[in-house]
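K.L.:
Here it is, the structure in full.
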Amino acid sequence: MNVDDAIRSRRTHKVYRPEPVPRNVLDELFDLARWAPNHHLTNPWRFRVIGPRALQALKDAEPESAAKLDRAPTLVACSVTQTGSDRQNLEDVCAGACAVYIVMLAAHARGIATYWRTPEVLRSAAGRSAAGIEDGELVLGLLHLGHADREWEAPERMPARDVVEYLD
């Protein structure tokens with residue numbers, strides 16, 4: 001799959017088949033994430049694969065949204081380290097977001113569906129603790145991965161001309 005096709009055909013999936021993504025495939029995805037653009041090579045991204053105990057702790061931290069945590073068979077908490085420098089922190093958030101998107105595109109190229117969520121539970125102390133997110137890290141979200149149970153249509157996108165301006 002070429003990059004253009006991967007970008008245009010990747011979809012957010014909210015319903016998955018039950019089989020988890022194998023660890024060796026996850027390792028391939030995380031290895032590719034290392035190639036995200038990263039000013040000063042700080043490598044700020046952190047990926048934590050949520051196992052059964054961590055999943056239960058997340059559900060216990062926010063029981064009202066526990067059902068959403070069961071959507072995908074593989075969950076990954078994504079965060080970035082923060083340095084204390086506003087400029088570097090912003091650059092690291094951007095680098096981390098690129099790393100997450102690399103995981104998503106690489107997963108898609110392998111037939112694995114994804115959904116990037118920013119659930120409230122990862123903003124709570126109990127949720128952060130359940131996901132192993134340390135002080136000094138900013139949560140980027142929770143990545144759901146698995147094999148989709150159906151195909152989704154592409155949503156309408158605004159034309160590029162609506163968001164691009166060429167300056168002389």
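Chains: A, B, ... in order of the structure tokens. Residues: from 1 per chain. Ligands: from 1, in order shown.
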At a cut-off of 12 Å, using only C-alpha atoms, what residues contact range 86-89 of chain A? Leave out same-chain residues fewer than 3 positions from it and give the result as a PyMOL selection string.

P.N.:
chain A and resi 38-45+79-83+92-96+136-138

K.L.:
Put those residues in a file: N, CA, C and O atoms, as a tab-separated table (two decimals), in the first residue's frame.

P.N.:
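Okay, this is what ended up in selection.tsv:
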chain	number	residue	atom	x	y	z
A	38	ASN	N	11.34	14.64	15.00
A	38	ASN	CA	11.55	14.86	16.42
A	38	ASN	C	12.71	15.83	16.64
A	38	ASN	O	13.87	15.44	16.61
A	39	HIS	N	12.36	17.10	16.87
A	39	HIS	CA	13.36	18.15	17.09
A	39	HIS	C	14.19	17.82	18.33
A	39	HIS	O	13.64	17.47	19.37
A	40	HIS	N	15.47	17.91	18.23
A	40	HIS	CA	16.44	17.61	19.30
A	40	HIS	C	16.49	16.12	19.66
A	40	HIS	O	17.10	15.75	20.67
A	41	LEU	N	15.82	15.26	18.89
A	41	LEU	CA	15.83	13.81	19.13
A	41	LEU	C	15.56	13.46	20.59
A	41	LEU	O	16.25	12.64	21.20
A	42	THR	N	14.52	14.06	21.14
A	42	THR	CA	14.15	13.79	22.54
A	42	THR	C	13.39	12.47	22.70
A	42	THR	O	13.26	11.98	23.82
A	43	ASN	N	12.87	11.92	21.60
A	43	ASN	CA	12.10	10.67	21.66
A	43	ASN	C	11.08	10.70	22.81
A	43	ASN	O	11.11	9.84	23.69
A	44	PRO	N	10.16	11.66	22.78
A	44	PRO	CA	9.27	11.87	23.93
A	44	PRO	C	8.10	10.89	24.02
A	44	PRO	O	7.45	10.81	25.05
A	45	TRP	N	7.81	10.16	22.94
A	45	TRP	CA	6.63	9.30	22.92
A	45	TRP	C	6.80	8.10	23.84
A	45	TRP	O	7.88	7.57	24.01
A	79	SER	N	1.47	8.67	25.36
A	79	SER	CA	1.80	9.90	26.07
A	79	SER	C	3.14	10.41	25.58
A	79	SER	O	3.83	9.75	24.81
A	80	VAL	N	3.48	11.61	26.03
A	80	VAL	CA	4.80	12.19	25.74
A	80	VAL	C	5.38	12.74	27.03
A	80	VAL	O	4.66	13.24	27.89
A	81	THR	N	6.70	12.63	27.14
A	81	THR	CA	7.38	13.22	28.29
A	81	THR	C	7.41	14.73	28.10
A	81	THR	O	7.35	15.23	26.98
A	82	GLN	N	7.47	15.45	29.19
A	82	GLN	CA	7.51	16.91	29.16
A	82	GLN	C	8.76	17.37	29.91
A	82	GLN	O	9.14	16.78	30.93
A	83	THR	N	9.39	18.43	29.40
A	83	THR	CA	10.69	18.85	29.92
A	83	THR	C	10.63	20.03	30.87
A	83	THR	O	11.57	20.28	31.59
A	92	ASP	N	7.52	18.39	21.40
A	92	ASP	CA	7.42	16.99	21.76
A	92	ASP	C	5.99	16.47	21.62
A	92	ASP	O	5.79	15.31	21.24
A	93	VAL	N	5.00	17.30	21.90
A	93	VAL	CA	3.61	16.89	21.69
A	93	VAL	C	3.38	16.65	20.19
A	93	VAL	O	2.77	15.64	19.81
A	94	CYS	N	3.88	17.55	19.37
A	94	CYS	CA	3.73	17.37	17.92
A	94	CYS	C	4.44	16.11	17.45
A	94	CYS	O	3.89	15.34	16.65
A	95	ALA	N	5.65	15.86	17.94
A	95	ALA	CA	6.39	14.65	17.57
A	95	ALA	C	5.64	13.40	18.04
A	95	ALA	O	5.54	12.41	17.30
A	96	GLY	N	5.09	13.45	19.25
A	96	GLY	CA	4.34	12.31	19.77
A	96	GLY	C	3.10	12.03	18.94
A	96	GLY	O	2.77	10.87	18.68
A	136	GLY	N	4.83	14.20	34.84
A	136	GLY	CA	5.74	14.75	33.85
A	136	GLY	C	5.47	14.24	32.44
A	136	GLY	O	6.24	14.51	31.53
A	137	GLU	N	4.37	13.49	32.27
A	137	GLU	CA	3.97	13.04	30.94
A	137	GLU	C	2.60	13.64	30.61
A	137	GLU	O	1.75	13.76	31.49
A	138	LEU	N	2.43	13.98	29.36
A	138	LEU	CA	1.15	14.48	28.86
A	138	LEU	C	0.48	13.36	28.07
A	138	LEU	O	1.11	12.75	27.20

K.L.:
Would you mind writing down, as a list in words, each residue of range 28-128 of chain A that DSSP on the backbone assigns to strand (DSSP E)?

P.N.:
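Result set for range 28-128 of chain A (strand (DSSP E)): Trp45, Arg46, Phe47, Arg48, Val49, Thr74, Leu75, Val76, Ala77, Cys78, Ser79, Val80, Thr81, Ala113, Thr114, Tyr115, Trp116 and Arg117 of chain A.
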
K.L.:
Restrict the selected residues to C-alpha atoms and save them as a CSV table (one decimal), in the first residue's frame.

P.N.:
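The file below, selection_12.csv, is the result:
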chain,number,residue,atom,x,y,z
A,45,TRP,CA,6.6,9.3,22.9
A,46,ARG,CA,5.6,6.5,25.3
A,47,PHE,CA,3.4,3.6,24.4
A,48,ARG,CA,1.9,1.3,27.1
A,49,VAL,CA,0.1,-1.8,25.9
A,74,THR,CA,-5.8,-4.2,22.0
A,75,LEU,CA,-5.4,-0.9,23.8
A,76,VAL,CA,-2.3,1.3,23.9
A,77,ALA,CA,-2.0,4.4,26.2
A,78,CYS,CA,0.0,7.0,24.3
A,79,SER,CA,1.8,9.9,26.1
A,80,VAL,CA,4.8,12.2,25.7
A,81,THR,CA,7.4,13.2,28.3
A,113,ALA,CA,-8.0,-1.1,12.3
A,114,THR,CA,-7.5,1.8,14.7
A,115,TYR,CA,-9.3,4.4,16.8
A,116,TRP,CA,-7.5,7.2,18.6
A,117,ARG,CA,-9.5,8.4,21.6

K.L.:
Can you tell me, as a ChimeraX atom specification, what residues are no more than 12 Å from Val3 in chain A when counting only C-alpha atoms, ignoring any on the same chain fewer than 4 positions away?

P.N.:
/A:7-10,102,105-106,108-109

K.L.:
Limited to C-alpha atoms, could you put the picked residues into a file as a compact mmCIF listing (two decimals), in the first residue's frame?

P.N.:
# COMPACT_ATOMS: atom_id res chain seq x y z
CA ILE A 7 -3.80 8.14 4.20
CA ARG A 8 -6.97 8.23 2.11
CA SER A 9 -8.27 4.79 3.09
CA ARG A 10 -7.53 4.68 6.84
CA ILE A 102 2.70 6.44 12.17
CA LEU A 105 -0.91 4.16 9.25
CA ALA A 106 1.45 1.21 9.67
CA HIS A 108 -3.70 0.09 8.52
CA ALA A 109 -1.13 -1.09 5.96

K.L.:
Could you pull out the helix (DSSP H, G or I) residues of range 19-97 of chain A, going by DSSP on the backbone, and write them as a PyMOL selection string?

P.N.:
chain A and resi 23-33+39-41+52-61+63-69+86-97

K.L.:
When you look at range 150-164 of chain A with a cut-off of 8 Å (counting only C-alpha atoms), what residues show up, excluding the ones that are within fewer than 4 positions of it in the same chain? I need them as a list of chain:residue names.

P.N.:
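Neighbouring residues, sequence-local ones excluded: A:Ser9, A:Arg11, A:His13, A:Val15.
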
K.L.:
Would you save the residues from that selection as a PDB file, in the first residue's frame, using C-alpha atoms?

P.N.:
ATOM      1  CA  SER A   9      -8.267   4.789   3.093  1.00  0.00           C
ATOM      2  CA  ARG A  11     -10.714   4.911   8.912  1.00  0.00           C
ATOM      3  CA  HIS A  13     -13.177   1.874  13.638  1.00  0.00           C
ATOM      4  CA  VAL A  15     -16.248  -2.253  16.340  1.00  0.00           C
TER       5      VAL A  15
END

K.L.:
One decimal, Å: what's the distance from CA of Leu140 in chain A over to CA of Leu58 in chain A, could you say?

P.N.:
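Result for CA of Leu140 in chain A versus CA of Leu58 in chain A: 16.1 Å, one decimal.
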
K.L.:
Considering only C-alpha atoms, give me a table of residues in range 81-152 of chain A that are at most 6 Å from range 16-34 of chain A, with the closest atom pair and distance in Å for each, as a Markdown table.

P.N.:
| residue | atom | partner | partner_atom | distance |
| --- | --- | --- | --- | --- |
| A:Ala99 | CA | A:Ala33 | CA | 4.6 |
| A:Ile102 | CA | A:Ala33 | CA | 5.5 |
| A:Val103 | CA | A:Leu29 | CA | 5.2 |
| A:Gly146 | CA | A:Val21 | CA | 5.8 |
| A:His147 | CA | A:Tyr16 | CA | 5.5 |
| A:Ala148 | CA | A:Tyr16 | CA | 4.5 |
| A:Asp149 | CA | A:Tyr16 | CA | 5.1 |

K.L.:
To one decimal in Å, tell me the separation between CA of Gln56 in chain A and CA of Glu120 in chain A.

P.N.:
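Computing the Euclidean distance for CA of Gln56 in chain A and CA of Glu120 in chain A yields 15.7 Å.
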
K.L.:
Quick one, how far is CA of Glu64 in chain A from CA of Val121 in chain A?

P.N.:
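Between CA of Glu64 in chain A and CA of Val121 in chain A the gap works out to 10.0 Å.
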
K.L.:
Between A:Ala107, A:Pro73, A:Ala126, A:Lys68, single out the one closest to Ile50 in chain A, counting only C-alpha atoms.

P.N.:
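The answer is A:Pro73, which sits nearest to Ile50 in chain A.
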
K.L.:
Find the residue from A:His144, A:Ala131, A:Tyr166, A:Trp35 that sits nearest to Gly51 in chain A; use only C-alpha atoms when measuring.

P.N.:
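Of all the options, A:Ala131 lies closest to Gly51 in chain A.
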